[in-house]
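Raw coords_7.txt, compact mmCIF, C-alpha atoms:
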# COMPACT_ATOMS: atom_id res chain seq x y z
CA MET P 1 0.00 0.00 0.00
CA THR P 2 1.43 3.28 -0.97
CA ARG P 3 1.72 5.97 1.77
CA LEU P 4 1.00 9.59 1.16
CA VAL P 5 3.74 11.78 2.58
CA GLU P 6 2.53 15.25 3.78
CA LYS P 7 4.70 17.99 2.36
CA LYS P 8 5.75 20.66 4.88
CA LYS P 9 5.01 24.28 4.03
CA ALA P 10 7.98 26.63 3.85
CA PRO P 11 7.90 29.41 6.53
CA VAL P 12 6.62 32.75 5.32
CA LYS P 13 9.36 35.37 5.26
CA ILE P 14 8.38 38.97 6.17
CA LYS P 15 10.06 41.47 3.94
CA THR P 16 11.74 44.44 5.60
CA GLY P 17 11.14 48.05 4.35
CA PRO P 18 8.45 50.73 4.58
CA GLY P 19 5.59 49.03 6.21
CA ALA P 20 2.84 50.40 8.46
CA ALA P 21 5.21 51.85 11.03
CA GLY P 22 7.33 53.41 8.30
CA ARG P 23 4.32 54.84 6.62
CA ILE P 24 3.19 56.37 9.94
CA ILE P 25 6.59 57.87 10.58
CA GLY P 26 6.69 59.26 7.06
CA PHE P 27 3.23 60.71 7.43
CA LEU P 28 4.18 62.36 10.73
CA GLY P 29 7.28 63.81 9.13
CA ILE P 30 5.26 65.31 6.30
CA ALA P 31 2.68 66.62 8.77
CA ALA P 32 5.39 68.21 10.91
CA THR P 33 6.98 69.78 7.86
CA LEU P 34 3.63 71.13 6.71
CA ALA P 35 2.91 72.41 10.21
CA LEU P 36 6.24 74.17 10.31
CA LEU P 37 5.63 75.55 6.85
CA PHE P 38 2.18 76.83 7.79
CA ALA P 39 3.56 78.24 11.05
CA PHE P 40 6.33 79.94 9.12
CA LEU P 41 3.86 81.33 6.57
CA GLY P 42 1.62 82.47 9.42
CA LEU P 43 4.60 84.12 11.10
CA LEU P 44 5.49 85.84 7.86
CA GLN P 45 1.91 87.00 7.50
CA TYR P 46 1.90 88.33 11.06
CA ALA P 47 5.32 89.92 10.63
CA LYS P 48 3.93 91.77 7.64
CA LYS P 49 1.64 93.63 10.04
CA PHE P 50 4.72 95.36 11.47
CA THR P 51 5.93 96.59 8.08
CA ALA P 52 5.37 100.01 6.56
CA PRO P 53 1.91 100.60 5.05
CA GLU P 54 3.38 102.43 2.05
CA THR P 55 6.61 102.42 0.08
CA GLU P 56 6.66 106.09 -0.90
CA SER P 57 7.80 108.61 1.69
CA ARG P 58 5.46 111.49 2.50
CA GLU P 59 4.38 113.63 5.44
CA VAL P 60 1.23 112.84 7.40
CA LEU P 61 0.09 115.19 10.15
CA VAL P 62 -1.23 113.49 13.27
CA THR P 63 -2.26 114.90 16.64
CA ILE P 64 -1.55 112.83 19.74
CA PRO P 65 -3.89 113.99 22.54
CA GLN P 66 -2.41 114.78 25.94
CA GLY P 67 -2.71 111.74 28.18
CA ALA P 68 -3.71 109.35 25.38
CA GLY P 69 -3.12 105.65 26.07
CA TYR P 70 -1.40 103.28 23.63
CA PRO P 71 -4.68 101.72 22.35
CA GLU P 72 -5.99 105.19 21.48
CA ILE P 73 -2.68 106.12 19.86
CA ALA P 74 -2.76 102.88 17.85
CA ARG P 75 -6.28 103.65 16.65
CA ILE P 76 -5.30 107.18 15.57
CA LEU P 77 -2.26 105.87 13.70
CA ARG P 78 -4.29 103.14 11.98
CA GLU P 79 -6.95 105.63 10.87
CA LYS P 80 -4.23 107.89 9.45
CA GLY P 81 -2.72 104.96 7.52
CA LEU P 82 0.56 105.12 9.47
CA ILE P 83 0.49 101.50 10.73
CA ARG P 84 -0.95 98.29 9.26
CA ASP P 85 -2.35 96.77 12.44
CA GLU P 86 -3.21 98.14 15.87
CA GLY P 87 -2.42 94.84 17.62
CA ALA P 88 1.01 94.62 16.01
CA PHE P 89 1.76 98.18 17.08
CA LEU P 90 0.78 97.38 20.66
CA TRP P 91 2.96 94.25 20.59
CA ALA P 92 5.87 96.36 19.37
CA VAL P 93 5.32 98.76 22.26
CA ARG P 94 5.30 95.83 24.73
CA ILE P 95 8.48 94.35 23.28
CA LYS P 96 10.28 97.69 23.48
CA SER P 97 9.14 98.04 27.08
CA LYS P 98 10.38 94.52 27.89
CA LEU P 99 13.74 95.51 26.44
CA ARG P 100 13.67 98.49 28.80
CA GLN P 101 13.46 100.97 25.97
CA PRO P 102 11.27 103.86 27.21
CA VAL P 103 8.15 104.33 25.12
CA ASP P 104 7.15 107.82 26.24
CA VAL P 105 5.08 109.13 23.34
CA LYS P 106 5.11 112.94 23.05
CA ALA P 107 1.69 114.57 22.85
CA GLY P 108 0.99 117.21 20.24
CA GLU P 109 0.91 117.66 16.49
CA GLN P 110 3.56 115.48 14.87
CA THR P 111 4.67 114.75 11.33
CA LEU P 112 5.00 111.02 10.58
CA ASP P 113 5.85 108.99 7.48
CA PRO P 114 3.79 105.97 6.29
CA SER P 115 6.92 104.46 4.73
CA LEU P 116 8.21 103.74 8.26
CA ASN P 117 7.63 100.37 9.93
CA ALA P 118 5.94 100.04 13.33
CA TRP P 119 9.23 100.15 15.22
CA GLU P 120 10.33 103.30 13.42
CA VAL P 121 6.95 104.95 13.99
CA ILE P 122 7.31 104.32 17.73
CA SER P 123 10.82 105.80 17.73
CA SER P 124 9.57 108.87 15.87
CA LEU P 125 6.71 109.36 18.34
CA VAL P 126 9.08 109.03 21.30
CA LYS P 127 11.54 111.49 19.80
CA GLY P 128 8.73 113.94 19.03
CA ASN P 129 8.81 114.84 15.34
CA PHE P 130 6.70 117.94 15.84
CA LYS P 131 5.45 120.21 13.10
CA PHE P 132 6.74 123.72 13.74
CA TYR P 133 5.02 126.97 12.88
CA PRO P 134 7.50 129.79 12.20
CA PHE P 135 6.77 133.47 12.60
CA THR P 136 8.94 136.57 12.33
CA ILE P 137 8.83 139.65 14.52
CA PRO P 138 10.32 142.60 12.57
CA GLU P 139 12.10 145.40 14.40
CA GLY P 140 9.82 148.13 15.70
CA ARG P 141 6.69 146.07 16.33
CA ASN P 142 4.69 146.75 19.50
CA LEU P 143 2.93 144.28 21.78
CA ARG P 144 -0.39 144.39 19.94
CA GLU P 145 1.27 143.74 16.60
CA ILE P 146 3.37 140.91 18.06
CA ALA P 147 0.28 139.34 19.66
CA MET P 148 -1.49 139.34 16.28
CA THR P 149 1.57 137.73 14.67
CA VAL P 150 1.45 134.92 17.23
CA GLU P 151 -2.27 134.42 16.57
CA ASN P 152 -1.81 134.45 12.79
CA ALA P 153 0.80 131.71 13.18
CA GLY P 154 -1.91 129.55 14.76
CA LEU P 155 -0.21 129.45 18.16
CA GLY P 156 -2.84 131.06 20.34
CA SER P 157 -5.20 133.94 20.91
CA ALA P 158 -3.79 137.45 20.45
CA GLN P 159 -5.80 138.66 23.43
CA ASP P 160 -4.52 135.83 25.65
CA PHE P 161 -0.95 136.62 24.61
CA LEU P 162 -1.51 140.32 25.24
CA ASN P 163 -3.00 139.62 28.68
CA LEU P 164 0.09 137.58 29.50
CA CYS P 165 2.35 140.46 28.47
CA TYR P 166 0.64 142.64 31.11
CA ASP P 167 0.57 139.96 33.82
CA ARG P 168 2.67 141.41 36.67
CA ASP P 169 3.42 138.03 38.27
CA PHE P 170 4.57 136.54 34.97
CA ILE P 171 6.67 139.61 34.15
CA LYS P 172 8.33 139.40 37.55
CA SER P 173 9.04 135.69 37.06
CA LEU P 174 11.11 136.64 34.00
CA GLY P 175 13.29 138.94 36.07
CA ILE P 176 11.85 142.06 34.43
CA GLU P 177 10.91 145.16 36.38
CA ALA P 178 8.30 146.76 34.15
CA ASP P 179 4.57 147.17 33.77
CA SER P 180 4.52 145.12 30.56
CA LEU P 181 6.77 143.18 28.20
CA GLU P 182 6.76 146.06 25.69
CA GLY P 183 10.24 146.23 24.21
CA TYR P 184 11.40 142.95 25.77
CA LEU P 185 10.08 140.60 23.03
CA PHE P 186 13.12 140.54 20.80
CA PRO P 187 12.65 140.86 17.00
CA GLU P 188 13.59 137.50 15.54
CA THR P 189 12.22 134.46 13.70
CA TYR P 190 10.78 131.85 16.04
CA ASN P 191 9.53 128.27 15.58
CA PHE P 192 7.06 126.55 17.86
CA PRO P 193 4.78 123.51 17.58
CA LYS P 194 1.04 123.92 18.11
CA ASN P 195 -0.22 123.91 21.68
CA THR P 196 3.04 125.40 22.94
CA PRO P 197 2.08 127.35 26.09
CA LEU P 198 2.00 131.10 25.45
CA LYS P 199 4.23 131.54 28.49
CA THR P 200 6.87 129.42 26.77
CA ILE P 201 6.64 131.55 23.62
CA ALA P 202 6.90 134.83 25.52
CA LYS P 203 9.78 133.56 27.66
CA SER P 204 11.71 132.43 24.57
CA MET P 205 11.40 135.94 23.17
CA THR P 206 12.55 137.64 26.38
CA ASP P 207 15.39 135.12 26.73
CA GLN P 208 16.53 136.13 23.25
CA PHE P 209 16.43 139.79 24.30
CA PHE P 210 18.61 139.17 27.35
CA LYS P 211 21.12 137.23 25.24
CA VAL P 212 21.57 140.38 23.17
CA TRP P 213 21.38 142.77 26.13
CA ASP P 214 24.17 140.90 27.97
CA LYS P 215 26.58 142.26 25.34
CA TYR P 216 25.64 145.87 26.12
CA LYS P 217 24.64 146.09 29.79
CA THR P 218 28.14 147.09 30.92
CA LEU P 219 28.24 149.88 28.32
CA ALA P 220 24.77 151.03 29.39
CA ALA P 221 25.87 151.23 33.01
CA ALA P 222 28.95 153.22 31.97
CA ARG P 223 26.68 155.72 30.21
CA GLY P 224 24.49 155.95 33.29
CA LEU P 225 21.49 154.38 31.59
CA THR P 226 19.17 151.89 33.23
CA LEU P 227 17.80 148.97 31.24
CA ASN P 228 14.41 150.68 30.93
CA GLU P 229 15.96 153.98 29.80
CA ALA P 230 18.21 152.35 27.19
CA LEU P 231 15.40 150.17 25.88
CA THR P 232 12.95 153.06 25.76
CA MET P 233 15.38 155.26 23.83
CA ALA P 234 16.25 152.39 21.48
CA SER P 235 12.56 151.79 20.74
CA ILE P 236 12.12 155.47 19.78
CA VAL P 237 15.19 155.39 17.55
CA GLU P 238 13.87 152.19 15.93
CA LYS P 239 10.53 153.81 15.14
CA GLU P 240 12.04 157.06 13.83
CA THR P 241 14.17 155.64 11.02
CA GLY P 242 14.58 152.58 8.88
CA ALA P 243 17.96 153.77 7.57
CA PRO P 244 20.69 151.92 9.52
CA GLN P 245 23.28 154.68 9.05
CA GLU P 246 20.95 157.23 10.66
CA ARG P 247 20.34 155.44 13.95
CA PRO P 248 23.43 156.84 15.76
CA LEU P 249 22.50 160.34 14.53
CA ILE P 250 18.89 160.02 15.69
CA ALA P 251 20.11 158.78 19.09
CA ALA P 252 22.51 161.74 19.32
CA VAL P 253 19.72 164.24 18.60
CA PHE P 254 17.57 162.85 21.42
CA PHE P 255 20.42 162.76 23.93
CA ASN P 256 21.39 166.33 22.98
CA ARG P 257 17.80 167.49 23.51
CA LEU P 258 17.63 165.76 26.90
CA ASP P 259 20.91 167.40 27.93
CA LYS P 260 19.45 170.82 27.05
CA LYS P 261 16.18 170.08 28.88
CA MET P 262 14.30 170.19 25.56
CA ARG P 263 11.28 168.00 24.96
CA LEU P 264 11.94 165.09 22.62
CA GLN P 265 8.90 165.94 20.48
CA THR P 266 8.90 162.65 18.61
CA ASP P 267 5.76 161.55 16.75
CA PRO P 268 6.02 157.78 17.40
CA THR P 269 5.61 158.33 21.14
CA VAL P 270 2.47 160.38 20.52
CA ILE P 271 1.04 157.69 18.24
CA TYR P 272 1.81 154.94 20.77
CA GLY P 273 -0.44 156.53 23.37
CA LEU P 274 -3.39 157.09 21.03
CA ARG P 275 -6.33 154.73 20.60
CA ASP P 276 -7.53 153.98 17.09
CA PHE P 277 -4.87 156.11 15.39
CA ASN P 278 -5.97 156.69 11.77
CA GLY P 279 -2.56 157.47 10.30
CA ASN P 280 -2.69 161.26 10.49
CA ILE P 281 -1.37 163.18 13.50
CA THR P 282 -3.50 166.22 14.32
CA ARG P 283 -2.82 169.21 16.55
CA ALA P 284 -5.22 167.68 19.05
CA ASP P 285 -3.07 164.52 19.06
CA LEU P 286 0.06 166.57 19.76
CA GLU P 287 -1.71 168.23 22.68
CA ASN P 288 -3.13 165.00 24.09
CA PRO P 289 -1.65 164.74 27.62
CA HIS P 290 -1.26 160.95 27.68
CA PRO P 291 1.93 159.76 29.45
CA TYR P 292 3.77 158.92 26.23
CA ASN P 293 3.31 162.32 24.57
CA THR P 294 6.83 163.78 24.38
CA TYR P 295 5.43 167.02 22.95
CA VAL P 296 3.71 167.57 26.31
CA HIS P 297 6.00 165.84 28.82
CA GLN P 298 9.70 166.38 29.49
CA GLY P 299 12.18 163.50 29.26
CA LEU P 300 11.71 159.92 28.17
CA PRO P 301 8.25 158.32 28.12
CA PRO P 302 7.45 155.76 30.88
CA GLY P 303 8.73 152.81 28.86
CA PRO P 304 9.49 151.37 25.43
CA ILE P 305 7.03 151.92 22.59
CA ALA P 306 8.12 148.91 20.50
CA SER P 307 10.68 146.12 20.31
CA PRO P 308 13.99 147.55 19.06
CA GLY P 309 16.53 145.48 17.18
CA GLU P 310 20.16 145.11 18.17
CA ASP P 311 21.32 147.90 15.84
CA ALA P 312 19.02 150.41 17.56
CA ILE P 313 20.27 149.33 20.99
CA LYS P 314 23.84 149.65 19.77
CA ALA P 315 23.15 153.13 18.36
CA VAL P 316 21.76 154.35 21.69
CA LEU P 317 24.84 153.12 23.54
CA ASN P 318 27.18 154.44 20.83
CA PRO P 319 25.50 157.64 19.58
CA ALA P 320 27.16 159.85 16.99
CA LYS P 321 29.22 162.77 18.26
CA THR P 322 27.28 165.69 16.86
CA LYS P 323 25.48 168.87 17.95
CA TYR P 324 22.33 168.16 15.95
CA LEU P 325 19.09 169.02 17.75
CA TYR P 326 16.53 168.56 14.96
CA PHE P 327 15.73 166.33 12.03
CA VAL P 328 12.99 166.21 9.42
CA SER P 329 11.99 163.52 6.97
CA LYS P 330 13.06 163.99 3.37
CA ASN P 331 10.25 161.64 2.31
CA ASP P 332 12.69 159.09 0.92
CA GLY P 333 13.32 157.11 4.09
CA THR P 334 16.09 159.43 5.29
CA HIS P 335 16.23 162.70 7.25
CA HIS P 336 17.84 166.12 7.15
CA PHE P 337 19.61 167.00 10.41
CA SER P 338 19.98 170.55 11.77
CA THR P 339 21.68 172.25 14.70
CA THR P 340 19.45 175.37 14.77
CA LEU P 341 15.72 175.87 14.80
CA ALA P 342 15.95 178.34 11.90
CA GLU P 343 17.65 175.77 9.69
CA HIS P 344 15.20 173.12 10.81
CA ASN P 345 12.18 175.30 9.95
CA LYS P 346 13.67 175.98 6.54
CA MET P 347 14.04 172.24 5.90
CA VAL P 348 10.52 171.59 7.13
CA ALA P 349 9.21 174.11 4.63
CA ARG P 350 11.21 172.40 1.91
CA TYR P 351 10.26 168.81 2.61
CA GLN P 352 6.82 168.96 4.22
CA LYS P 353 4.18 171.17 5.64
CA GLY P 354 4.26 169.77 9.18
CA GLY P 355 7.37 169.62 11.36
CA ASN P 356 9.06 166.39 12.36
CA GLY P 357 11.31 166.78 15.31

Starting from the coordinates I provided, produce the structure as structure tokens.
Amino acid sequence: MTRLVEKKKAPVKIKTGPGAAGRIIGFLGIAATLALLFAFLGLLQYAKKFTAPETESREVLVTIPQGAGYPEIARILREKGLIRDEGAFLWAVRIKSKLRQPVDVKAGEQTLDPSLNAWEVISSLVKGNFKFYPFTIPEGRNLREIAMTVENAGLGSAQDFLNLCYDRDFIKSLGIEADSLEGYLFPETYNFPKNTPLKTIAKSMTDQFFKVWDKYKTLAAARGLTLNEALTMASIVEKETGAPQERPLIAAVFFNRLDKKMRLQTDPTVIYGLRDFNGNITRADLENPHPYNTYVHQGLPPGPIASPGEDAIKAVLNPAKTKYLYFVSKNDGTHHFSTTLAEHNKMVARYQKGGNG
């Protein structure tokens, strides 16, 4: 009988290589890479919020209110198109603070540039890139004219500035012994940002005066002139002529008249004390007994009648050596000077109907 022999099956061999575990590991690797990629893209997208909103440089005027918090500042900047994102701006502020970099934003009207990134905008705000408003005070302007110049520059009310110039406590705080700041606001070009306190503006102008006066105070003392006397005389000289070469001569005439106990009889002092002067001096004006009328009163008026420039101050402290006692306008910006009344009257008849002494 034939036996059937059972054939043994060969063992199954498991092939090595990427199986389930490998596929899982590969999938996790791809997922991690994609996650990193998406995180990187998200970071790039977020980082873009810190970049400049525009590429072209230009000026944008923005006003930061006094006491405004960072969220309010961020909103203002976003509305003006100066930052891309309020949240990013606030994060930048926090990071700077963490790095112990002071973020003290200056209040006021500032000029910013939309081509700056968030970090640069913060730096500009901290530095205070204010918009300045220049104005010029020409020689010979009085307080009312200066106050209007300040108002026209958009820096405050003319009346408020004028009130300040007559504020005794404020005047005293400046080291000035006078009833007003007439004459002490030095003719110059000034620059101030909006909302600058009027006291700061006035003090800057008096500081400029004292810088100039420091060069002449010793000479004034040597001539026996007080600050008020020198400044008053200089203001009259300033108003009497616009010709630089004549200032020492004009000063000499007035000093000569004072020495001889003659009245100064100068029209600008009369005009200064008049209200609503219409441009024509009348006999009634010359007889008006107000304190500044040098046709009526002997000596110098109570104080300056305008702000003199340095050349007028210099002329008063270095007057010409001459015996002239009179002068009359030649109607060309210059004057004819005389030593006698007869000669003066003759020149008056030649150049004009009314005298100018």

Protein and nucleic acid residues near (22.1, 156.8, 20.4) (cut-off 10 Å, only C-alpha atoms) as a ChimeraX atom specification: /P:230,233-234,237,246-256,312-321

Shell around Lys49 of chain P at 7 Å using all atoms listed in the file, local window under 5 positions removed, as number ranges by chain: P: 84-85, 88

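Of the residues listed (P:Leu225, P:Leu174, P:Leu61, P:Ala74), P:Leu61 shows the shortest atom-to-atom separation from Gly108 of chain P; distances use all atoms listed in the file.
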
Top pick for closest residue to Gly69 of chain P, considering P:Trp213, P:Ala147, P:Val93, P:Asp311 and counting all atoms listed in the file: P:Val93

Selection near Thr340 of chain P, 10 Å with all atoms listed in the file, sequence-local residues under 5 positions removed, as number ranges by chain: P: 323-326, 345

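When only C-alpha atoms are used to measure the gap to Tyr272 of chain P, the shortest distance among P:Leu162, P:Ala222, P:Met148, P:Leu143 belongs to P:Leu143.
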
Length of the atom CA of Ser124 of chain P to atom CA of Ile201 of chain P vector [Å]: 24.1 Å
